[in-house]
Structure formats: C-alpha cells, structure tokens
Amino acid sequence: MDNATSRADLILSADEIVTVDPLMSTVEAVAIQGGRILATGSRKAMLEHADAHTKIHELPGRTVFPGFVEAHGHPLLTGLSRGDPTVDIRAVNIPSFDAAMATVRRRAAKTTPGEFILFFGLDPQLHEGMHEPSIDELDRLAPDNPVAVQTSNFHVMFLNQKALTHFNLTPQTKDPTGGKIHRAADGKPTGKLEEKATRLVLEPYWAALGEERAEREFDVWLWKHARGGYTTTAELGISSAMFPLLDRLLTQRDAPVRIVGYQMALPDGATITNRDHGDDRFRMVGIKLIADGSPFAGNIWVSRPYLNTQMTLKGMALGRDHTGHMNWTPEEIGTIIDRYASEGWQIAVHVQGDRTFDVVLDAFEAAITRYDLKDHRFRIEHCALPRPEHIARAVKLGVTFSFFLSHLYYWGEALRDGMFGEDRAAQYMPIGSALRAGMDRVSVHCDAPMTDPDVVRCLHLAVNRRTEKGAVIGPEQTIPVDDAIRAVTIHAAWQLQMDDRVGSIEAGKYADFTVLDCNPRRIARDSMMDVRVLETWLGGKRVWPEP
C-alpha cells in the first residue's frame, strides 16, 4: 500500500454487484473504508486495497444493489398511527364491513368505559358491504367508549358522539386549514372528519399514549423498512408536534435506515427548523403540502366524474357524477408554495386529481419564474390522474413525479371497475408516459401507513402493473426493469437530495447496500414478486438481519 488512504477496512464481493452508475455497470467487489465506498471493480483489483487488517466478506450466489431508497415514507407517522393499541381492521385481515364493525363492538365491550379506542383500516373499496358508519351506528356499537374509525387511505375518520365530546369537537369548532369537519344542517358535527381535521383526534391520542410508546412503535417501522429492502427512507409531513420527538430519537440511536425529513406546510409559511437541519442519518430538506386527498375517499379534484356504481354511491357515499375538491383554494396553494420557495425549500406536493395538477403546476411555475429557481427539485407525490399535458408541462419546469403504484396492486380492480373505468385505470399513475415524455427522474414508493414498505412489490408493479388478483392494469404504462431499479435507487435519492451520498455504488458514497437472492435484471418479469431481500447494509455494516 502506498498510504493509508488506499487501504480498505472491508472488501465485499458477490456474484454480481449492480452499481446503478450511469452505465448500469456490474462489478465483482467493493472496497470500503470508514463506512464509504473506496473503489469498485474486479475482486482481484479490490484485493489490492487489502492489508492484514482488511476484512473480506463473500456473498456467493447473491446480487448486491445500492441500498434501496423509499422516496415517500412515514415511519414515525405509521408507528404512531398503526402501532398498538390501535386496532387493525384492514380488509386484508377482516374482509367484510359487518365483520369490521363486529370487531369494533367486541373491542369496545371489553374496554374500560370512557377509554378512547382508535380503529385503523376501514376500506370503502375492499370491505364487502361497505357503507360509511354513521354517528348513531358507532354509538350503538360502542355506547360506553369514545371511538374513531380511520380509513385505510388515512384521509377520513368517523367518530361516535362520545369521541366528539372527548376531543371537544362542537358546532363552534372551526375547520382547520386544509381539513373539514362534516356538519349536519344544524351545524352539529356528523362524526366524519377529512384531512387535517383528523389531526384534531390523532395528535391528542398520540400525546396521551406517551413518548415511550412512540419510540417503541417507531422502531418497529424502522426495522420494517430495513426488512423491506430500504436503507434510506423519508418522513414526509412532519408536524411541529412530531419534530422534537423525531429529532431526539434519531440523534440518540443508530437507526437501521437513513431518514430525510419534510415539514408539513403551514398556511403562513412558518418553519419548525432550519433548512438542512441534521446530518446524513436524519436531515430536513423540504416541505410537504397535501393539495387534495385520496381517490379512495373521493376528495380529489377531477374533470371527469367518478363512475356511478355501488362502490362510489354507497361504499364511498359520493353523490352522482362526483368530481371532488381540493383541500385548499388555488390562491392558498399559490401563496404557500411562494412563501417556502422564496426561502429555498424543496417542495413536495401530494396531488391526485387532474384538476389539482393544473393548480399546483401553475403555482410551481409562478415560483420558479419569480425566483429564477434552477435546481429546485420540486416534486409531485402519488400522481394518480395526470393528463399528458401535465406530464409535458412538468418536464418543461423540471418537476418530477413520485408514483404510488401500490394502489394498483391492492385496489386495481376497484379503480377500474368501481371508480374510474377501464380507460382511466389504464392511465392511472402513468409512469411509462412520464419516462417517454422525458421525465428523466421518477421514483416509486409505498407510502406506509397505507401500504407496508416492500421494494420488491414496487419493482413488480413498475415492470408488470399486475394486481394481487392477477389483472394487468394499463400494460402500456410498464417500464423497463433498469428504469424501475433507478426509480428505487438513484432517482429516488435525487428526489431526496441524497444522490451525492446514496443511490449508487460509486467511490465516495456511503457503503449502503441491499442484498438480493437473485438479479431482477436476469429473471422473467412475471417472476419479480419471487425476489427476496436477504440483507441490508448501512455505512459498511450489516444492519438486517442484525449481526
């Protein structure tokens, strides 16, 4: 060795190491020093960086990728929302609405009178026989307890009267900005809450359960991200109540994944911390704005109405020819984006309906022009129903999309047959169109708490668009496997402003790796769901399975 700077602490070798560099090169080995990649190449060449103290780690029969990146995650929010004692009534566990409501009744009957109970996972599309539970119905099911039932899409909640009283939601309670308390003709709350109004229940509930519970459940979901194949994730939508806890927990421990934070947008443009606060284990980079809601709740703004079906009219309780709405006025969205853009924040906006795309792209264009923004990395999240002109406009503005393709896996048939029809379902989350239009960086995400972190499912959906039941929804929107890999590595890292540190296996970047049992580039597309995540590594150390 000429000097210590060329000596590796560790040399990792495998059957194939896919670097995801610009050429998608493969190598045999990686030399690692101080938690970062020193060099890549043949096993023989990497051994030139070894001395008596270098560890050699062989992974025969395995394929190594750069650690996968979840561009739109919520590990803390998911732990707070889904962790014990919240009761899971998702359709995957309880198929029918009647059975879900029976679970509410049984749990209330064995709970101390007066104790609040939260149920998560009511599904207007997948719970057979679904209808929106009325306040009277929930009162009958839980006469002695305040209860709230949250939908699986996380955008709507139903309360009984005791819960309204428990959280002091009265006719005088004002709608929070970005949310709605549904009211009867006399002004009394009906028990249905939308969007930010659900936080009037959730944040007091989380606070009452205490930080010890929050820490425990946060850990559960950090490890679920690691097991799902991720070494970097995001926490989008951090509130002022969440930030101190998140900051403390991540500075006091070595988490198994890196976290990139986005503050929830506030109407006055206020910030809860400095831009770029933190380090490469937890760093605040952006602002998240929820412009509209969920396709599954009917609160997205669309130009073509929802279908008039049993699902939409009864299960979702929508009116005929429903076209939805946004959470904010166009003027409010423009003002919020302008305020944060003026301070140099990256902005990620949740957008589902095509009419909402018009509003958000208008606001992005105004801010980009006014402040002459270059590397702004503005993002649009989920991207259910953009039209071709929205994609073209985004490309021109340098705005990129992050697609929530897992909608198709679990709810593809419902989207096609019950909500939008075959033609719109075929263009739902049009990742193929985005790539063909020149959007050179897109990502694919899981968005827990709605779906669990699983990079293999993301790859499967990107290249197959095949639902859990076997239907292919919009085959023309599939993308090549290499583009799918980039969408969960280097392009996702770019969206999180981490592409100079993670997302590819190149000298100088962190030695973050995901080990698979095979190479997805060398198998049949329809076998993608059979791929297994075996290990994840962070900074040159294996974190899952724990050593």
# chains A, B, ... in the order shown; residues from 1 in each chain; ligands from 1

$ residues_around --residues "region 338-340 of chain A" --least-positions-apart "6" --cutoff "10 Å" --atoms "only C-alpha atoms" --output "PDB file with N, CA, C and O atoms, in the first residue's frame"
ATOM      1  N   ALA A 265     -46.455  21.623   5.427  1.00  0.00           N
ATOM      2  CA  ALA A 265     -46.622  23.043   5.117  1.00  0.00           C
ATOM      3  C   ALA A 265     -47.618  23.692   6.063  1.00  0.00           C
ATOM      4  O   ALA A 265     -48.644  23.103   6.425  1.00  0.00           O
ATOM      5  N   LEU A 266     -47.323  24.914   6.455  1.00  0.00           N
ATOM      6  CA  LEU A 266     -48.221  25.715   7.280  1.00  0.00           C
ATOM      7  C   LEU A 266     -48.723  26.894   6.453  1.00  0.00           C
ATOM      8  O   LEU A 266     -47.998  27.425   5.609  1.00  0.00           O
ATOM      9  N   PRO A 267     -49.960  27.315   6.676  1.00  0.00           N
ATOM     10  CA  PRO A 267     -50.538  28.363   5.818  1.00  0.00           C
ATOM     11  C   PRO A 267     -49.732  29.653   5.778  1.00  0.00           C
ATOM     12  O   PRO A 267     -49.707  30.337   4.760  1.00  0.00           O
ATOM     13  N   ASP A 268     -49.071  29.980   6.895  1.00  0.00           N
ATOM     14  CA  ASP A 268     -48.322  31.237   6.940  1.00  0.00           C
ATOM     15  C   ASP A 268     -46.866  31.082   6.512  1.00  0.00           C
ATOM     16  O   ASP A 268     -46.087  32.033   6.591  1.00  0.00           O
ATOM     17  N   GLY A 269     -46.502  29.885   6.060  1.00  0.00           N
ATOM     18  CA  GLY A 269     -45.126  29.673   5.613  1.00  0.00           C
ATOM     19  C   GLY A 269     -44.123  29.521   6.731  1.00  0.00           C
ATOM     20  O   GLY A 269     -42.911  29.572   6.499  1.00  0.00           O
ATOM     21  N   ALA A 270     -44.595  29.300   7.959  1.00  0.00           N
ATOM     22  CA  ALA A 270     -43.685  29.153   9.099  1.00  0.00           C
ATOM     23  C   ALA A 270     -42.904  27.850   8.998  1.00  0.00           C
ATOM     24  O   ALA A 270     -43.357  26.874   8.383  1.00  0.00           O
ATOM     25  N   THR A 271     -41.731  27.828   9.610  1.00  0.00           N
ATOM     26  CA  THR A 271     -40.890  26.632   9.612  1.00  0.00           C
ATOM     27  C   THR A 271     -40.633  26.191  11.047  1.00  0.00           C
ATOM     28  O   THR A 271     -40.640  27.004  11.975  1.00  0.00           O
ATOM     29  N   GLY A 286     -37.083  19.566   3.092  1.00  0.00           N
ATOM     30  CA  GLY A 286     -38.183  20.071   2.300  1.00  0.00           C
ATOM     31  C   GLY A 286     -39.468  20.304   3.056  1.00  0.00           C
ATOM     32  O   GLY A 286     -39.565  20.131   4.274  1.00  0.00           O
ATOM     33  N   ILE A 287     -40.474  20.697   2.274  1.00  0.00           N
ATOM     34  CA  ILE A 287     -41.815  20.993   2.753  1.00  0.00           C
ATOM     35  C   ILE A 287     -42.798  20.108   1.998  1.00  0.00           C
ATOM     36  O   ILE A 287     -42.673  19.915   0.785  1.00  0.00           O
ATOM     37  N   GLU A 332     -54.643  29.882  -2.066  1.00  0.00           N
ATOM     38  CA  GLU A 332     -53.906  29.433  -0.883  1.00  0.00           C
ATOM     39  C   GLU A 332     -52.709  28.580  -1.278  1.00  0.00           C
ATOM     40  O   GLU A 332     -51.609  28.731  -0.708  1.00  0.00           O
ATOM     41  N   GLN A 346     -37.067  22.903  -0.841  1.00  0.00           N
ATOM     42  CA  GLN A 346     -37.648  21.969  -1.795  1.00  0.00           C
ATOM     43  C   GLN A 346     -39.101  21.742  -1.388  1.00  0.00           C
ATOM     44  O   GLN A 346     -39.417  21.681  -0.189  1.00  0.00           O
ATOM     45  N   ILE A 347     -39.996  21.597  -2.368  1.00  0.00           N
ATOM     46  CA  ILE A 347     -41.418  21.444  -2.074  1.00  0.00           C
ATOM     47  C   ILE A 347     -41.936  20.178  -2.746  1.00  0.00           C
ATOM     48  O   ILE A 347     -41.729  19.960  -3.940  1.00  0.00           O
ATOM     49  N   ALA A 363     -48.820  27.057  -9.684  1.00  0.00           N
ATOM     50  CA  ALA A 363     -48.100  27.622  -8.541  1.00  0.00           C
ATOM     51  C   ALA A 363     -46.602  27.356  -8.640  1.00  0.00           C
ATOM     52  O   ALA A 363     -45.778  28.238  -8.330  1.00  0.00           O
ATOM     53  N   PHE A 364     -46.231  26.147  -9.068  1.00  0.00           N
ATOM     54  CA  PHE A 364     -44.809  25.855  -9.254  1.00  0.00           C
ATOM     55  C   PHE A 364     -44.200  26.783 -10.308  1.00  0.00           C
ATOM     56  O   PHE A 364     -43.118  27.347 -10.108  1.00  0.00           O
ATOM     57  N   ALA A 366     -45.137  29.725 -11.286  1.00  0.00           N
ATOM     58  CA  ALA A 366     -45.037  31.095 -10.802  1.00  0.00           C
ATOM     59  C   ALA A 366     -43.826  31.270  -9.888  1.00  0.00           C
ATOM     60  O   ALA A 366     -43.078  32.254  -9.997  1.00  0.00           O
ATOM     61  N   ALA A 367     -43.618  30.306  -8.987  1.00  0.00           N
ATOM     62  CA  ALA A 367     -42.485  30.410  -8.058  1.00  0.00           C
ATOM     63  C   ALA A 367     -41.156  30.234  -8.774  1.00  0.00           C
ATOM     64  O   ALA A 367     -40.185  30.954  -8.494  1.00  0.00           O
ATOM     65  N   ILE A 368     -41.090  29.282  -9.684  1.00  0.00           N
ATOM     66  CA  ILE A 368     -39.844  29.041 -10.427  1.00  0.00           C
ATOM     67  C   ILE A 368     -39.461  30.290 -11.221  1.00  0.00           C
ATOM     68  O   ILE A 368     -38.292  30.695 -11.256  1.00  0.00           O
ATOM     69  N   ARG A 370     -40.598  33.493 -10.670  1.00  0.00           N
ATOM     70  CA  ARG A 370     -40.393  34.669  -9.815  1.00  0.00           C
ATOM     71  C   ARG A 370     -39.011  34.654  -9.175  1.00  0.00           C
ATOM     72  O   ARG A 370     -38.352  35.693  -9.070  1.00  0.00           O
ATOM     73  N   TYR A 371     -38.550  33.484  -8.751  1.00  0.00           N
ATOM     74  CA  TYR A 371     -37.281  33.415  -8.021  1.00  0.00           C
ATOM     75  C   TYR A 371     -36.148  32.841  -8.867  1.00  0.00           C
ATOM     76  O   TYR A 371     -35.068  32.573  -8.336  1.00  0.00           O
TER      77      TYR A 371
END

$ closest_atom_pairs --of "region 64-149 of chain A" --to "region 403-426 of chain A" --cutoff "10 Å" --atoms "only C-alpha atoms" --output "JSON lines"
{"residue": "A:Ala71", "atom": "CA", "partner": "A:Phe403", "partner_atom": "CA", "distance": 9.5}
{"residue": "A:His72", "atom": "CA", "partner": "A:Phe404", "partner_atom": "CA", "distance": 8.7}
{"residue": "A:Val92", "atom": "CA", "partner": "A:Tyr410", "partner_atom": "CA", "distance": 9.5}
{"residue": "A:Pro124", "atom": "CA", "partner": "A:Ala414", "partner_atom": "CA", "distance": 9.7}
{"residue": "A:Gln125", "atom": "CA", "partner": "A:Ala414", "partner_atom": "CA", "distance": 6.2}
{"residue": "A:Leu126", "atom": "CA", "partner": "A:Trp411", "partner_atom": "CA", "distance": 7.6}

$ write_last_selection --atoms "N, CA, C and O atoms" --output "tab-separated table (two decimals), in the first residue's frame"
chain	number	residue	atom	x	y	z
A	71	ALA	N	-38.78	6.95	-1.44
A	71	ALA	CA	-38.85	8.41	-1.61
A	71	ALA	C	-39.99	9.05	-0.85
A	71	ALA	O	-39.98	10.25	-0.61
A	72	HIS	N	-41.00	8.26	-0.46
A	72	HIS	CA	-42.16	8.84	0.22
A	72	HIS	C	-42.61	7.87	1.31
A	72	HIS	O	-43.48	7.02	1.10
A	92	VAL	N	-57.48	-6.81	4.53
A	92	VAL	CA	-56.59	-7.95	4.37
A	92	VAL	C	-56.74	-8.92	5.54
A	92	VAL	O	-56.50	-10.13	5.40
A	124	PRO	N	-63.30	1.49	1.92
A	124	PRO	CA	-64.52	1.59	1.10
A	124	PRO	C	-64.49	0.74	-0.15
A	124	PRO	O	-65.55	0.46	-0.72
A	125	GLN	N	-63.32	0.34	-0.60
A	125	GLN	CA	-63.22	-0.45	-1.83
A	125	GLN	C	-63.14	-1.95	-1.55
A	125	GLN	O	-63.67	-2.74	-2.33
A	126	LEU	N	-62.51	-2.35	-0.47
A	126	LEU	CA	-62.24	-3.77	-0.24
A	126	LEU	C	-63.11	-4.41	0.84
A	126	LEU	O	-63.21	-5.64	0.88

$ atom_distance --atom1 "CA of Ala511 (chain A)" --atom2 "CA of Arg457 (chain A)"
24.0 Å

$ atom_distance --atom1 "CA of Arg304 (chain A)" --atom2 "CA of Leu385 (chain A)"
10.5 Å

$ residues_around --residues "Gly508 (chain A)" --least-positions-apart "5" --cutoff "12 Å" --atoms "only C-alpha atoms" --output "MDAnalysis selection string"
chainID A and resid 30:40 499:503 539

$ closest_atom_pairs --of "region 443-505 of chain A" --to "region 14-23 of chain A" --cutoff "12 Å" --atoms "only C-alpha atoms" --output "Markdown table"
| residue | atom | partner | partner_atom | distance |
| --- | --- | --- | --- | --- |
| A:Asp482 | CA | A:Val20 | CA | 8.7 |
| A:Asp483 | CA | A:Val20 | CA | 10.1 |
| A:Ala484 | CA | A:Val20 | CA | 11.2 |
| A:Ile485 | CA | A:Val20 | CA | 8.0 |
| A:Arg486 | CA | A:Val20 | CA | 7.0 |
| A:Ala487 | CA | A:Val20 | CA | 10.7 |
| A:Val488 | CA | A:Val20 | CA | 10.6 |
| A:Thr489 | CA | A:Val20 | CA | 7.7 |
| A:Ile490 | CA | A:Val20 | CA | 7.2 |
| A:His491 | CA | A:Val20 | CA | 10.1 |
| A:Ala493 | CA | A:Val20 | CA | 11.8 |
| A:Asp499 | CA | A:Asp21 | CA | 11.1 |
| A:Asp500 | CA | A:Asp21 | CA | 11.8 |
| A:Val502 | CA | A:Val20 | CA | 10.6 |
| A:Gly503 | CA | A:Val20 | CA | 7.6 |
| A:Ser504 | CA | A:Val20 | CA | 5.1 |
| A:Ile505 | CA | A:Thr19 | CA | 4.5 |

$ write_last_selection --atoms "all heavy atoms" --output "short mmCIF file (atom, residue, chain, number, x, y, z; two decimals), in the first residue's frame"
data_model
loop_
_atom_site.label_atom_id
_atom_site.label_comp_id
_atom_site.auth_asym_id
_atom_site.auth_seq_id
_atom_site.Cartn_x
_atom_site.Cartn_y
_atom_site.Cartn_z
N ASP A 482 -34.50 -1.77 -15.78
CA ASP A 482 -33.43 -0.86 -15.35
C ASP A 482 -34.00 0.48 -14.90
O ASP A 482 -33.50 1.08 -13.93
CB ASP A 482 -32.41 -0.65 -16.47
CG ASP A 482 -31.41 -1.79 -16.57
OD1 ASP A 482 -31.51 -2.74 -15.77
OD2 ASP A 482 -30.53 -1.73 -17.46
N ASP A 483 -35.04 0.94 -15.56
CA ASP A 483 -35.67 2.19 -15.12
C ASP A 483 -36.38 1.99 -13.78
O ASP A 483 -36.40 2.90 -12.94
CB ASP A 483 -36.67 2.68 -16.17
CG ASP A 483 -35.99 3.25 -17.40
OD1 ASP A 483 -35.00 3.98 -17.24
OD2 ASP A 483 -36.43 2.95 -18.52
N ALA A 484 -36.96 0.81 -13.58
CA ALA A 484 -37.59 0.53 -12.29
C ALA A 484 -36.55 0.52 -11.17
O ALA A 484 -36.80 1.04 -10.07
CB ALA A 484 -38.31 -0.81 -12.35
N ILE A 485 -35.38 -0.06 -11.44
CA ILE A 485 -34.32 -0.07 -10.44
C ILE A 485 -33.86 1.35 -10.13
O ILE A 485 -33.66 1.71 -8.95
CB ILE A 485 -33.15 -0.95 -10.93
CG1 ILE A 485 -33.58 -2.43 -10.94
CG2 ILE A 485 -31.91 -0.75 -10.08
CD1 ILE A 485 -32.64 -3.34 -11.70
N ARG A 486 -33.69 2.16 -11.14
CA ARG A 486 -33.29 3.55 -10.89
C ARG A 486 -34.35 4.28 -10.07
O ARG A 486 -34.03 5.16 -9.26
CB ARG A 486 -33.06 4.28 -12.22
CG ARG A 486 -31.85 3.79 -13.01
CD ARG A 486 -31.61 4.65 -14.24
NE ARG A 486 -30.50 4.16 -15.04
CZ ARG A 486 -30.61 3.40 -16.13
NH1 ARG A 486 -31.82 3.03 -16.55
NH2 ARG A 486 -29.55 2.99 -16.78
N ALA A 487 -35.62 3.93 -10.26
CA ALA A 487 -36.71 4.60 -9.56
C ALA A 487 -36.72 4.31 -8.07
O ALA A 487 -37.37 5.04 -7.30
CB ALA A 487 -38.06 4.22 -10.17
N VAL A 488 -36.02 3.27 -7.64
CA VAL A 488 -35.94 2.97 -6.20
C VAL A 488 -34.50 3.07 -5.70
O VAL A 488 -34.19 2.61 -4.60
CB VAL A 488 -36.53 1.57 -5.88
CG1 VAL A 488 -38.04 1.58 -6.11
CG2 VAL A 488 -35.86 0.48 -6.69
N THR A 489 -33.63 3.66 -6.53
CA THR A 489 -32.25 3.89 -6.09
C THR A 489 -31.84 5.33 -6.39
O THR A 489 -32.20 6.24 -5.67
CB THR A 489 -31.29 2.88 -6.75
OG1 THR A 489 -31.46 2.92 -8.19
CG2 THR A 489 -31.53 1.46 -6.27
N ILE A 490 -31.14 5.56 -7.48
CA ILE A 490 -30.51 6.85 -7.72
C ILE A 490 -31.52 7.96 -7.97
O ILE A 490 -31.32 9.11 -7.55
CB ILE A 490 -29.49 6.75 -8.88
CG1 ILE A 490 -28.62 8.00 -8.94
CG2 ILE A 490 -30.17 6.44 -10.19
CD1 ILE A 490 -27.78 8.27 -7.71
N HIS A 491 -32.63 7.66 -8.65
CA HIS A 491 -33.61 8.71 -8.90
C HIS A 491 -34.40 9.07 -7.65
O HIS A 491 -34.72 10.24 -7.42
CB HIS A 491 -34.53 8.32 -10.05
CG HIS A 491 -33.82 8.27 -11.37
ND1 HIS A 491 -34.37 7.69 -12.50
CD2 HIS A 491 -32.59 8.73 -11.75
CE1 HIS A 491 -33.51 7.80 -13.51
NE2 HIS A 491 -32.44 8.42 -13.07
N ALA A 493 -33.10 8.80 -4.70
CA ALA A 493 -32.10 9.54 -3.91
C ALA A 493 -32.00 10.98 -4.39
O ALA A 493 -31.87 11.91 -3.58
CB ALA A 493 -30.74 8.84 -4.01
N ASP A 499 -28.51 12.13 -3.68
CA ASP A 499 -27.88 11.38 -4.76
C ASP A 499 -26.37 11.51 -4.77
O ASP A 499 -25.69 10.71 -5.42
CB ASP A 499 -28.44 11.81 -6.12
CG ASP A 499 -28.34 13.31 -6.34
OD1 ASP A 499 -28.81 14.07 -5.47
OD2 ASP A 499 -27.79 13.74 -7.37
N ASP A 500 -25.82 12.51 -4.07
CA ASP A 500 -24.37 12.61 -3.96
C ASP A 500 -23.82 11.74 -2.84
O ASP A 500 -22.61 11.65 -2.65
CB ASP A 500 -23.95 14.07 -3.74
CG ASP A 500 -24.56 14.68 -2.49
OD1 ASP A 500 -25.61 14.17 -2.00
OD2 ASP A 500 -24.00 15.66 -1.97
N VAL A 502 -25.94 8.58 -1.61
CA VAL A 502 -26.50 7.22 -1.68
C VAL A 502 -27.14 7.05 -3.05
O VAL A 502 -27.18 7.96 -3.86
CB VAL A 502 -27.55 6.97 -0.57
CG1 VAL A 502 -26.95 7.19 0.81
CG2 VAL A 502 -28.78 7.87 -0.75
N GLY A 503 -27.65 5.84 -3.31
CA GLY A 503 -28.40 5.60 -4.54
C GLY A 503 -27.62 4.89 -5.63
O GLY A 503 -28.21 4.41 -6.59
N SER A 504 -26.31 4.85 -5.50
CA SER A 504 -25.48 4.08 -6.44
C SER A 504 -24.22 3.65 -5.70
O SER A 504 -23.88 4.19 -4.65
CB SER A 504 -25.13 4.92 -7.68
OG SER A 504 -24.35 6.05 -7.33
N ILE A 505 -23.56 2.66 -6.28
CA ILE A 505 -22.32 2.13 -5.67
C ILE A 505 -21.16 2.75 -6.43
O ILE A 505 -20.69 2.22 -7.44
CB ILE A 505 -22.31 0.60 -5.71
CG1 ILE A 505 -23.52 0.05 -4.94
CG2 ILE A 505 -21.01 0.06 -5.13
CD1 ILE A 505 -23.67 -1.46 -5.00
#

$ closest_residue --among "A:Lys188, A:Lys180, A:His322, A:Arg213" --to "Thr165 (chain A)" --atoms "only C-alpha atoms"
A:Lys188

$ decode --residues "region 408-464 of chain A" --atoms "C-alpha atoms" --output "short mmCIF file (atom, residue, chain, number, x, y, z; two decimals), in the first residue's frame"
data_model
loop_
_atom_site.label_atom_id
_atom_site.label_comp_id
_atom_site.auth_asym_id
_atom_site.auth_seq_id
_atom_site.Cartn_x
_atom_site.Cartn_y
_atom_site.Cartn_z
CA LEU A 408 -52.74 -0.85 -8.41
CA TYR A 409 -51.61 -3.93 -6.52
CA TYR A 410 -54.33 -3.89 -3.87
CA TRP A 411 -57.06 -1.74 -5.43
CA GLY A 412 -56.53 -2.09 -9.19
CA GLU A 413 -59.82 -3.83 -9.92
CA ALA A 414 -61.71 -1.35 -7.73
CA LEU A 415 -60.13 1.56 -9.58
CA ARG A 416 -61.04 0.04 -12.93
CA ASP A 417 -64.49 -1.38 -12.29
CA GLY A 418 -65.88 0.66 -9.42
CA MET A 419 -64.37 4.13 -9.62
CA PHE A 420 -62.90 5.34 -12.93
CA GLY A 421 -63.46 2.85 -15.75
CA GLU A 422 -61.05 0.88 -17.88
CA ASP A 423 -59.61 3.77 -19.89
CA ARG A 424 -58.68 5.94 -16.91
CA ALA A 425 -57.44 2.97 -14.91
CA ALA A 426 -55.10 2.12 -17.79
CA GLN A 427 -53.58 5.60 -17.48
CA TYR A 428 -53.63 5.63 -13.67
CA MET A 429 -50.22 6.64 -12.30
CA PRO A 430 -48.74 6.78 -15.82
CA ILE A 431 -45.08 6.17 -15.08
CA GLY A 432 -44.43 4.86 -18.60
CA SER A 433 -45.80 8.05 -20.15
CA ALA A 434 -43.65 10.14 -17.81
CA LEU A 435 -40.47 8.40 -18.92
CA ARG A 436 -41.38 8.57 -22.60
CA ALA A 437 -42.11 12.29 -22.25
CA GLY A 438 -38.59 12.91 -20.99
CA MET A 439 -39.07 12.99 -17.22
CA ASP A 440 -35.63 11.60 -16.56
CA ARG A 441 -36.08 11.07 -12.83
CA VAL A 442 -39.12 9.36 -11.35
CA SER A 443 -39.48 7.29 -8.19
CA VAL A 444 -41.83 4.60 -6.92
CA HIS A 445 -42.89 4.46 -3.29
CA CYS A 446 -45.01 2.54 -0.76
CA ASP A 447 -46.39 5.34 1.45
CA ALA A 448 -46.85 3.49 4.74
CA PRO A 449 -49.17 3.61 6.68
CA MET A 450 -51.33 2.83 3.64
CA THR A 451 -49.13 0.00 2.33
CA ASP A 452 -46.15 -1.61 4.04
CA PRO A 453 -42.61 -0.91 2.78
CA ASP A 454 -41.67 -3.51 0.16
CA VAL A 455 -39.22 -2.67 -2.61
CA VAL A 456 -39.89 -5.93 -4.43
CA ARG A 457 -43.56 -5.02 -4.81
CA CYS A 458 -42.51 -1.63 -6.19
CA LEU A 459 -40.29 -3.25 -8.80
CA HIS A 460 -43.00 -5.75 -9.71
CA LEU A 461 -45.60 -3.03 -10.24
CA ALA A 462 -43.27 -0.83 -12.27
CA VAL A 463 -42.46 -3.61 -14.74
CA ASN A 464 -45.75 -5.57 -14.67
#
